[in-house]
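Trainee: Below is the file my_file.cif, which contains mmCIF, C-alpha atoms.
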```
data_work
#
loop_
_atom_site.label_atom_id
_atom_site.label_comp_id
_atom_site.auth_asym_id
_atom_site.auth_seq_id
_atom_site.Cartn_x
_atom_site.Cartn_y
_atom_site.Cartn_z
CA MET A 1 81.26 162.69 77.31
CA GLN A 2 82.44 159.39 75.76
CA LEU A 3 85.42 159.04 78.06
CA ARG A 4 83.49 157.38 80.88
CA PRO A 5 82.27 154.31 78.91
CA LEU A 6 85.80 153.87 77.58
CA LEU A 7 87.22 153.92 81.08
CA LEU A 8 84.61 151.44 82.27
CA LYS A 9 85.45 149.06 79.43
CA ALA A 10 89.17 149.39 80.05
CA GLY A 11 88.65 148.82 83.75
CA ALA A 12 86.52 145.72 83.21
CA THR A 13 89.10 144.33 80.81
CA ALA A 14 91.89 144.98 83.31
CA VAL A 15 89.93 143.29 86.12
CA THR A 16 89.27 140.23 83.90
CA LEU A 17 92.90 139.94 82.84
CA GLY A 18 94.07 140.43 86.41
CA ALA A 19 91.74 137.72 87.74
CA THR A 20 92.92 135.34 85.02
CA LEU A 21 96.56 136.02 85.84
CA VAL A 22 96.04 135.62 89.60
CA SER A 23 94.12 132.35 89.03
CA ALA A 24 96.86 130.98 86.81
CA LEU A 25 99.52 131.87 89.36
CA TYR A 26 97.49 130.28 92.16
CA VAL A 27 96.94 127.03 90.27
CA THR A 28 100.58 126.82 89.21
CA ALA A 29 101.76 127.37 92.77
CA HIS A 30 99.45 124.72 94.24
CA VAL A 31 100.20 121.67 92.09
CA LYS A 32 101.25 119.28 94.87
CA ASN A 33 101.45 115.97 93.04
CA PRO A 34 100.85 115.87 89.30
CA SER A 35 100.47 112.07 89.34
CA ALA A 36 97.94 111.99 92.18
CA PRO A 37 94.68 110.21 91.34
CA LEU A 38 92.00 112.69 90.35
CA GLN A 39 89.03 110.51 91.23
CA PRO A 40 88.07 108.90 94.52
CA SER A 41 89.03 105.28 94.99
CA VAL A 42 86.40 102.55 94.97
CA LEU A 43 86.31 100.47 98.15
CA ASN A 44 84.35 97.25 98.39
CA ILE A 45 84.42 95.12 101.53
CA SER A 46 82.41 91.91 101.66
CA SER A 47 80.76 90.59 104.77
CA SER A 48 83.64 88.17 105.38
CA VAL A 49 85.96 91.07 106.19
CA GLN A 50 85.21 93.33 109.17
CA PRO A 51 86.02 97.05 109.12
CA SER A 52 87.48 98.44 112.32
CA ASN A 53 88.20 101.70 114.11
CA VAL A 54 91.23 100.27 115.90
CA GLN A 55 94.64 101.74 115.11
CA PRO A 56 96.20 99.45 112.45
CA VAL A 57 99.44 97.71 113.36
CA THR A 58 100.59 97.74 109.74
CA SER A 59 99.21 98.25 106.24
CA THR A 60 99.22 96.75 102.80
CA TYR A 61 101.12 98.91 100.35
CA ALA A 62 103.02 98.74 97.09
CA SER A 63 106.76 98.41 97.48
CA MET B 64 114.25 91.78 98.99
CA GLY B 65 114.84 95.47 98.57
CA THR B 66 111.93 96.30 100.85
CA SER B 67 110.98 96.27 104.52
CA CYS B 68 109.49 93.34 106.42
CA SER B 69 107.57 93.28 109.70
CA LEU B 70 106.56 90.33 111.85
CA PHE B 71 103.88 90.55 114.56
CA ALA B 72 102.96 87.74 116.95
CA VAL B 73 100.91 87.15 120.08
CA GLN B 74 103.07 85.45 122.70
CA PRO B 75 105.97 85.29 120.28
CA SER B 76 108.98 83.12 120.65
CA ALA B 77 112.06 85.27 120.13
CA LEU B 78 113.81 82.29 118.59
CA ALA B 79 110.97 81.68 116.14
CA LEU B 80 111.01 85.34 115.05
CA LEU B 81 114.77 85.21 114.58
CA LYS B 82 114.49 82.02 112.57
CA GLY B 83 111.78 83.66 110.50
CA GLU B 84 113.98 86.65 109.72
CA LEU B 85 116.88 84.41 108.74
CA TRP B 86 114.58 82.33 106.52
CA VAL B 87 113.41 85.47 104.68
CA ARG B 88 116.95 86.73 104.17
CA SER B 89 118.20 83.34 102.98
CA LEU B 90 115.35 82.73 100.56
CA ALA B 91 115.39 86.29 99.22
CA ALA B 92 119.07 85.86 98.36
CA ARG B 93 118.26 82.72 96.38
CA LEU B 94 115.31 84.29 94.53
CA THR B 95 116.80 87.60 93.47
CA ARG B 96 117.59 88.23 89.81
CA PHE B 97 120.10 90.92 90.74
CA ASP B 98 122.76 88.43 91.82
CA ALA B 99 124.21 86.20 89.09
CA ARG B 100 124.95 83.50 91.69
CA SER B 101 121.35 83.19 92.92
CA GLU B 102 119.27 80.10 92.22
CA LEU B 103 116.91 82.15 90.03
CA SER B 104 119.75 83.62 87.99
CA ARG B 105 121.22 80.15 87.44
CA LEU B 106 117.83 78.88 86.28
CA ASN B 107 117.50 81.78 83.85
CA ALA B 108 121.06 81.32 82.62
CA ALA B 109 120.38 77.63 81.95
CA ALA B 110 117.30 78.29 79.78
CA GLY B 111 116.94 75.46 77.32
CA LYS B 112 118.28 72.83 79.73
CA TRP B 113 116.80 70.94 82.66
CA THR B 114 118.13 72.37 85.92
CA ALA B 115 117.98 71.04 89.49
CA VAL B 116 115.83 73.30 91.68
CA SER B 117 115.18 73.46 95.41
CA SER B 118 111.82 72.53 96.89
CA GLU B 119 111.08 76.23 97.43
CA MET B 120 111.89 77.12 93.82
CA GLU B 121 109.83 74.20 92.58
CA ALA B 122 106.87 75.36 94.66
CA LEU B 123 107.24 78.93 93.41
CA LEU B 124 107.39 77.85 89.79
CA ARG B 125 104.23 75.80 90.25
CA GLU B 126 102.61 78.83 91.95
CA SER B 127 103.65 80.95 88.96
CA LEU B 128 101.91 78.55 86.59
CA ARG B 129 98.82 78.64 88.79
CA ALA B 130 98.90 82.46 88.84
CA HIS B 131 99.11 82.54 85.06
CA GLU B 132 96.07 80.31 84.82
CA ARG B 133 94.03 82.15 87.45
CA SER B 134 94.73 85.55 85.90
CA GLY B 135 94.04 84.55 82.33
CA GLY B 136 97.69 85.20 81.52
CA LEU B 137 97.80 88.74 82.96
CA VAL B 138 100.22 87.62 85.66
CA ASN B 139 103.14 86.09 83.83
CA VAL B 140 106.61 85.73 85.35
CA ALA B 141 108.17 85.38 81.88
CA VAL B 142 108.32 89.16 81.43
CA LEU B 143 112.00 89.44 82.34
CA PRO B 144 113.14 90.48 78.82
CA SER B 145 110.68 93.37 78.92
CA MET B 146 111.72 94.38 82.44
CA LEU B 147 115.29 94.59 81.22
CA ALA B 148 114.16 96.51 78.13
CA VAL B 149 112.45 99.22 80.21
CA GLY B 150 115.67 99.71 82.17
CA TYR B 151 114.90 97.65 85.28
CA THR B 152 118.22 95.88 85.03
CA ARG B 153 119.38 96.44 88.60
CA THR B 154 117.88 97.37 91.93
CA LEU B 155 116.12 100.71 91.77
CA ALA B 156 118.30 101.82 94.67
CA ASP B 157 121.02 101.87 92.01
CA GLY B 158 118.65 103.50 89.52
CA PRO B 159 117.23 102.33 86.19
CA THR B 160 119.42 102.06 83.12
CA ALA B 161 118.65 103.41 79.65
CA ALA B 162 115.52 101.85 78.16
CA THR B 163 115.76 99.79 74.99
CA LEU B 164 112.05 99.48 74.28
CA GLU B 165 112.69 97.99 70.84
CA LEU B 166 113.73 94.85 72.71
CA ALA B 167 110.46 94.65 74.66
CA ARG B 168 108.19 91.87 73.52
CA SER B 169 104.95 90.25 74.55
CA ALA B 170 105.50 87.43 77.02
CA PRO B 171 105.03 83.84 75.84
CA GLU B 172 102.27 81.77 77.42
CA LEU B 173 103.98 80.49 80.55
CA PRO B 174 102.90 76.83 80.33
CA SER B 175 104.47 76.65 76.87
CA VAL B 176 107.90 77.80 78.08
CA LEU B 177 108.18 76.48 81.64
CA GLU B 178 108.23 72.81 82.60
CA VAL B 179 108.40 71.76 86.24
CA MET B 180 109.15 68.26 87.46
CA PRO B 181 109.94 67.10 91.00
CA GLY B 182 113.35 68.60 91.81
CA ARG B 183 114.00 70.09 88.37
CA ALA B 184 112.71 72.65 85.92
CA ARG B 185 113.32 73.81 82.38
CA LEU B 186 112.79 77.12 80.60
CA GLU B 187 112.64 77.38 76.84
CA PRO B 188 115.70 79.07 75.28
CA ASP B 189 115.67 82.89 75.45
CA VAL B 190 113.04 82.87 78.19
CA GLY B 191 113.71 84.64 81.49
CA ILE B 192 111.55 84.88 84.58
CA ASP B 193 111.20 87.34 87.45
CA LEU B 194 109.34 85.91 90.44
CA GLY B 195 108.73 89.41 91.85
CA GLY B 196 105.49 89.79 93.74
CA ILE B 197 104.60 86.11 93.57
CA ALA B 198 107.69 85.29 95.62
CA LYS B 199 106.82 88.00 98.13
CA GLY B 200 103.28 86.75 98.66
CA TRP B 201 104.30 83.09 98.72
CA MET B 202 106.98 83.82 101.30
CA ALA B 203 104.51 85.72 103.49
CA ASP B 204 102.18 82.71 103.43
CA ARG B 205 104.94 80.21 104.25
CA LEU B 206 106.42 82.41 106.96
CA ALA B 207 103.07 82.82 108.71
CA GLU B 208 102.74 79.03 108.81
CA ARG B 209 106.22 78.70 110.28
CA LEU B 210 105.86 81.39 112.95
CA GLY B 211 102.83 80.15 114.85
CA PRO B 212 99.06 80.18 115.20
CA ASN B 213 98.54 83.90 115.92
CA VAL B 214 100.80 86.00 113.74
CA LEU B 215 100.80 88.75 111.12
CA VAL B 216 103.49 88.88 108.46
CA ASN B 217 104.14 91.92 106.30
CA LEU B 218 106.69 91.36 103.53
CA GLY B 219 106.96 94.58 101.57
CA GLY B 220 103.22 95.27 101.80
CA ASP B 221 102.06 91.69 101.21
CA LEU B 222 100.24 90.61 104.37
CA ARG B 223 99.27 87.21 105.75
CA ALA B 224 97.41 86.88 109.03
CA ARG B 225 96.83 83.81 111.15
CA GLY B 226 94.71 83.71 114.28
CA GLY B 227 92.62 86.46 115.84
CA GLY B 228 95.35 88.95 116.68
CA PRO B 229 95.77 90.67 120.04
CA GLU B 230 92.01 91.05 120.69
CA GLY B 231 90.80 87.88 119.03
CA ALA B 232 88.72 89.43 116.22
CA GLY B 233 91.53 89.74 113.70
CA TRP B 234 94.65 91.77 113.07
CA PRO B 235 93.85 95.48 112.44
CA VAL B 236 95.57 96.49 109.20
CA GLY B 237 95.41 99.54 106.98
CA PHE B 238 93.63 99.04 103.67
CA GLY B 239 93.86 102.34 101.85
CA ASP B 240 92.20 104.90 104.11
CA ALA B 241 90.19 102.18 105.89
CA THR B 242 91.17 99.76 108.63
CA ILE B 243 90.03 96.15 108.43
CA LEU B 244 90.42 93.13 110.68
CA LEU B 245 92.46 90.51 108.85
CA ALA B 246 91.99 86.95 110.13
CA GLY B 247 93.21 83.87 108.30
CA ARG B 248 93.60 85.77 105.06
CA GLY B 249 96.09 87.70 102.96
CA ALA B 250 96.22 91.20 101.52
CA ALA B 251 98.35 92.84 98.87
CA THR B 252 98.63 96.03 96.83
CA SER B 253 99.75 96.49 93.25
CA SER B 254 100.58 99.97 92.00
CA VAL B 255 102.20 101.91 89.21
CA LEU B 256 102.75 104.90 91.50
CA ARG B 257 105.90 103.30 92.90
CA ARG B 258 108.94 101.96 91.07
CA ARG B 259 108.47 104.33 88.17
CA TRP B 260 110.99 106.57 86.50
CA ALA B 261 111.52 109.07 83.67
CA GLY B 262 109.64 108.65 80.43
CA GLY B 263 106.53 107.30 82.10
CA LEU B 264 108.19 103.91 82.56
CA HIS B 265 107.43 101.65 85.48
CA HIS B 266 107.97 98.09 86.63
CA LEU B 267 104.50 96.65 86.04
CA ILE B 268 104.68 94.95 82.64
CA ASP B 269 101.57 94.04 80.67
CA PRO B 270 102.51 90.60 79.30
CA ARG B 271 100.23 91.13 76.29
CA THR B 272 102.32 94.05 75.02
CA GLY B 273 105.62 93.60 76.82
CA LEU B 274 105.45 97.27 77.80
CA PRO B 275 104.62 99.01 81.09
CA ALA B 276 100.90 98.54 81.70
CA ALA B 277 98.85 101.48 80.37
CA SER B 278 95.91 100.98 82.71
CA ASP B 279 93.21 103.42 83.77
CA LEU B 280 93.84 102.20 87.32
CA VAL B 281 96.96 103.26 89.19
CA GLU B 282 96.61 101.13 92.32
CA VAL B 283 94.65 98.09 93.47
CA SER B 284 94.55 96.55 96.96
CA VAL B 285 92.95 93.15 97.58
CA VAL B 286 92.07 90.82 100.46
CA ALA B 287 92.00 87.14 99.46
CA ALA B 288 92.45 83.68 100.94
CA THR B 289 96.25 83.95 100.91
CA ALA B 290 98.86 86.63 100.37
CA VAL B 291 99.93 85.17 97.04
CA ASP B 292 96.31 85.03 95.87
CA ALA B 293 95.87 88.67 96.87
CA GLU B 294 99.05 89.58 95.02
CA VAL B 295 97.90 87.85 91.84
CA VAL B 296 94.37 89.30 91.92
CA ALA B 297 95.63 92.83 92.62
CA LYS B 298 98.11 92.76 89.76
CA ALA B 299 95.68 91.18 87.29
CA ALA B 300 92.95 93.68 88.21
CA LEU B 301 95.29 96.62 87.78
CA ILE B 302 96.43 95.46 84.35
CA ALA B 303 92.85 94.61 83.30
CA GLY B 304 91.64 98.11 84.12
CA ARG B 305 88.38 99.64 85.31
CA ALA B 306 86.10 97.88 82.88
CA SER B 307 87.00 94.38 84.08
CA ALA B 308 88.52 94.83 87.53
CA PRO B 309 85.31 95.03 89.63
CA ALA B 310 83.88 91.78 88.29
CA TYR B 311 87.24 90.02 88.49
CA CYS B 312 87.76 91.16 92.08
CA ALA B 313 84.20 90.19 93.02
CA ALA B 314 84.93 86.66 91.81
CA HIS B 315 88.34 86.26 93.47
CA ALA B 316 88.60 88.63 96.44
CA ASP B 317 86.96 89.33 99.81
CA ALA B 318 87.69 93.07 99.67
CA TRP B 319 89.19 95.37 97.11
CA ARG B 320 90.13 98.97 96.57
CA LEU B 321 90.51 100.42 93.08
CA VAL B 322 92.26 103.74 92.55
CA PRO B 323 91.50 105.29 89.14
CA ALA B 324 94.11 107.21 87.17
#
```
Here is the file; what I need is its structure written in the form of structure tokens.
Mentor:
Amino acid sequence: MQLRPLLLKAGATAVTLGATLVSALYVTAHVKNPSAPLQPSVLNISSSVQPSNVQPVTSTYAS
Amino acid sequence: MGTSCSLFAVQPSALALLKGELWVRSLAARLTRFDARSELSRLNAAAGKWTAVSSEMEALLRESLRAHERSGGLVNVAVLPSMLAVGYTRTLADGPTAATLELARSAPELPSVLEVMPGRARLEPDVGIDLGGIAKGWMADRLAERLGPNVLVNLGGDLRARGGGPEGAGWPVGFGDATILLAGRGAATSSVLRRRWAGGLHHLIDPRTGLPAASDLVEVSVVAATAVDAEVVAKAALIAGRASAPAYCAAHADAWRLVPA
């Protein structure tokens, strides 16, 4: 009579542990760039500079 | 220069472009600190004595003093001892050497250790300078003037545009994920995501500590009146960090992009 609640508890525990393990594996496998910025950049363009949709010929970058 | 350079021009003269390339190669060879025979290396080696300098070196030293003033000391070419201490003793193509951080030290105030007179200059003893990004931006500005009225120069990411570009409204250039039209202005990017190596070390030295800058920004791009101005503002903003960078950029730049850590 008391076997069913025990099985339910054991099953719930197994599901929780399994989900935790799968999540950990997923996160570990999908770390693409640990040094990538985690927040969006802040862009401010004053009226003296015009944005454009034209394909850029070159870019500013750090070298 | 250890980086790539691109020249764009409307109705270009092949001879002018070739002369421009030769000018960059010649000047870069004189300004490198990785060749003991270069003009910069001889100036560093002669610290403590007055040394004859070329007109280009004189102009760059004066620009360095101006950059120090404009950045409140955050852009200081006298960080060479610290650059050597973090292992940046040779080109990064050859790889960094072992760091000796105990030798890193805060940089002296530049005007107190660098004197410039017409045709000659003097560094205080034990002072060394690395012209780095200032030389790159300054060269982009000078090269754009030499090439013609409608040109775009890209020296290792430091841009200087003259004229309206192919369509007349400005040269379309990438600015982070955006594209802007650059006309009569310069742009530059400073970052700690490049030129970094094991131990969290990188090339961008905070002159206040003499150690790699520990900023809460990892990259800053700026549009300003000239390439060298953009270079100075970008580097100072990155070192200053998120609390000060927006106001500093608003005062000195036409556009800016801040990338938080």
Trainee: Return as a list in words the residues belonging to chain B that are within 7 Å of chain A, counting only C-alpha atoms.
Mentor: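 Written out as asked, the residues are Thr66, Gly219, Gly220, Asp221, Leu222, Pro235, Val236, Gly237, Phe238, Thr242, Ile243, Leu244, Ala250, Ala251, Thr252, Ser253, Ser254, Arg257, Asp317, Ala318, Trp319, Arg320, Leu321, Val322, Pro323 and Ala324 of chain B.
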Trainee: Evaluate the PyMOL selection byres ((chain B and resi 216) around 9) and record the selected residues as a list of chain:residue names, following the chain and residue labels used in the document.
Mentor: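 Written out, the selection comes to B:Cys68, B:Ser69, B:Leu70, B:Phe71, B:Ala72, B:Ala203, B:Asp204, B:Leu206, B:Ala207, B:Val214, B:Leu215, B:Asn217, B:Leu218, B:Asp221, B:Leu222, B:Arg223, B:Ala224, B:Arg225.
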Trainee: Between CA of Thr152 (chain B) and CA of Ser118 (chain B), what is the distance in Å, rounded to a tenth?
Mentor: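 CA of Ser118 (chain B) lies at a distance of 27.0 Å from CA of Thr152 (chain B).
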Trainee: Quote the spacing between CA of Gly262 (chain B) and CA of Leu25 (chain A) in Å to one decimal place.
Mentor: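 Atom-to-atom, CA of Gly262 (chain B) and CA of Leu25 (chain A) are spaced 26.9 Å apart.
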Trainee: Give me the result of the PyMOL selection byres ((chain B and resi 178-192) around 12) on this file, residue by residue, as a PDB file with C-alpha atoms, in the frame of the given file.
Mentor:
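The result, stored in selection_28.pdb:
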```
ATOM      1  CA  LEU B  94     115.310  84.290  94.530  1.00  0.00           C
ATOM      2  CA  THR B  95     116.800  87.600  93.470  1.00  0.00           C
ATOM      3  CA  ARG B  96     117.590  88.230  89.810  1.00  0.00           C
ATOM      4  CA  GLU B 102     119.270  80.100  92.220  1.00  0.00           C
ATOM      5  CA  LEU B 103     116.910  82.150  90.030  1.00  0.00           C
ATOM      6  CA  SER B 104     119.750  83.620  87.990  1.00  0.00           C
ATOM      7  CA  ARG B 105     121.220  80.150  87.440  1.00  0.00           C
ATOM      8  CA  LEU B 106     117.830  78.880  86.280  1.00  0.00           C
ATOM      9  CA  ASN B 107     117.500  81.780  83.850  1.00  0.00           C
ATOM     10  CA  ALA B 108     121.060  81.320  82.620  1.00  0.00           C
ATOM     11  CA  ALA B 109     120.380  77.630  81.950  1.00  0.00           C
ATOM     12  CA  ALA B 110     117.300  78.290  79.780  1.00  0.00           C
ATOM     13  CA  GLY B 111     116.940  75.460  77.320  1.00  0.00           C
ATOM     14  CA  LYS B 112     118.280  72.830  79.730  1.00  0.00           C
ATOM     15  CA  TRP B 113     116.800  70.940  82.660  1.00  0.00           C
ATOM     16  CA  THR B 114     118.130  72.370  85.920  1.00  0.00           C
ATOM     17  CA  ALA B 115     117.980  71.040  89.490  1.00  0.00           C
ATOM     18  CA  VAL B 116     115.830  73.300  91.680  1.00  0.00           C
ATOM     19  CA  SER B 117     115.180  73.460  95.410  1.00  0.00           C
ATOM     20  CA  SER B 118     111.820  72.530  96.890  1.00  0.00           C
ATOM     21  CA  GLU B 119     111.080  76.230  97.430  1.00  0.00           C
ATOM     22  CA  MET B 120     111.890  77.120  93.820  1.00  0.00           C
ATOM     23  CA  GLU B 121     109.830  74.200  92.580  1.00  0.00           C
ATOM     24  CA  ALA B 122     106.870  75.360  94.660  1.00  0.00           C
ATOM     25  CA  LEU B 123     107.240  78.930  93.410  1.00  0.00           C
ATOM     26  CA  LEU B 124     107.390  77.850  89.790  1.00  0.00           C
ATOM     27  CA  ARG B 125     104.230  75.800  90.250  1.00  0.00           C
ATOM     28  CA  GLU B 126     102.610  78.830  91.950  1.00  0.00           C
ATOM     29  CA  SER B 127     103.650  80.950  88.960  1.00  0.00           C
ATOM     30  CA  LEU B 128     101.910  78.550  86.590  1.00  0.00           C
ATOM     31  CA  VAL B 138     100.220  87.620  85.660  1.00  0.00           C
ATOM     32  CA  ASN B 139     103.140  86.090  83.830  1.00  0.00           C
ATOM     33  CA  VAL B 140     106.610  85.730  85.350  1.00  0.00           C
ATOM     34  CA  ALA B 141     108.170  85.380  81.880  1.00  0.00           C
ATOM     35  CA  VAL B 142     108.320  89.160  81.430  1.00  0.00           C
ATOM     36  CA  LEU B 143     112.000  89.440  82.340  1.00  0.00           C
ATOM     37  CA  PRO B 144     113.140  90.480  78.820  1.00  0.00           C
ATOM     38  CA  SER B 145     110.680  93.370  78.920  1.00  0.00           C
ATOM     39  CA  MET B 146     111.720  94.380  82.440  1.00  0.00           C
ATOM     40  CA  LEU B 147     115.290  94.590  81.220  1.00  0.00           C
ATOM     41  CA  ARG B 168     108.190  91.870  73.520  1.00  0.00           C
ATOM     42  CA  SER B 169     104.950  90.250  74.550  1.00  0.00           C
ATOM     43  CA  ALA B 170     105.500  87.430  77.020  1.00  0.00           C
ATOM     44  CA  PRO B 171     105.030  83.840  75.840  1.00  0.00           C
ATOM     45  CA  GLU B 172     102.270  81.770  77.420  1.00  0.00           C
ATOM     46  CA  LEU B 173     103.980  80.490  80.550  1.00  0.00           C
ATOM     47  CA  PRO B 174     102.900  76.830  80.330  1.00  0.00           C
ATOM     48  CA  SER B 175     104.470  76.650  76.870  1.00  0.00           C
ATOM     49  CA  VAL B 176     107.900  77.800  78.080  1.00  0.00           C
ATOM     50  CA  LEU B 177     108.180  76.480  81.640  1.00  0.00           C
ATOM     51  CA  ASP B 193     111.200  87.340  87.450  1.00  0.00           C
ATOM     52  CA  LEU B 194     109.340  85.910  90.440  1.00  0.00           C
ATOM     53  CA  GLY B 195     108.730  89.410  91.850  1.00  0.00           C
ATOM     54  CA  ILE B 197     104.600  86.110  93.570  1.00  0.00           C
ATOM     55  CA  ALA B 198     107.690  85.290  95.620  1.00  0.00           C
ATOM     56  CA  PRO B 270     102.510  90.600  79.300  1.00  0.00           C
TER      57      PRO B 270
END
```
Trainee: Could you state which residues are captured by the PyMOL selection byres ((chain B and resi 159) around 10) in this file, as a count of residues only?
Mentor: 20
Trainee: Report, in Å with one decimal, the straight-line distance from CA of Arg100 (chain B) to CA of Arg209 (chain B).
Mentor: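 One can read the CA of Arg100 (chain B) to CA of Arg209 (chain B) distance as 26.8 Å.
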Trainee: Just checking: using all atoms listed in the file, which residue out of B:Leu274, B:Arg133, B:Gly196, B:Asp98 ends up closest to His315 (chain B)?
Mentor: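 Among the listed residues, B:Arg133 lies closest to His315 (chain B).
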Trainee: Report, as AutoDock Vina command-line options, the centre and edge lengths in Å (one decimal) of the axis-aligned box enclosing every listed atom of region 166-178 of chain B, padded by 4 Å on each side.
Mentor:
```
--center_x 108.0 --center_y 83.8 --center_z 77.7 --size_x 19.5 --size_y 30.0 --size_z 17.9
```
Trainee: Region 305-311 of chain B: which residues within 9 Å, counting only C-alpha atoms, same-chain residues fewer than 2 positions away excluded, as a PyMOL selection string?
Mentor: chain B and resi 278-280+296-297+299-303+313-316+319+321+323
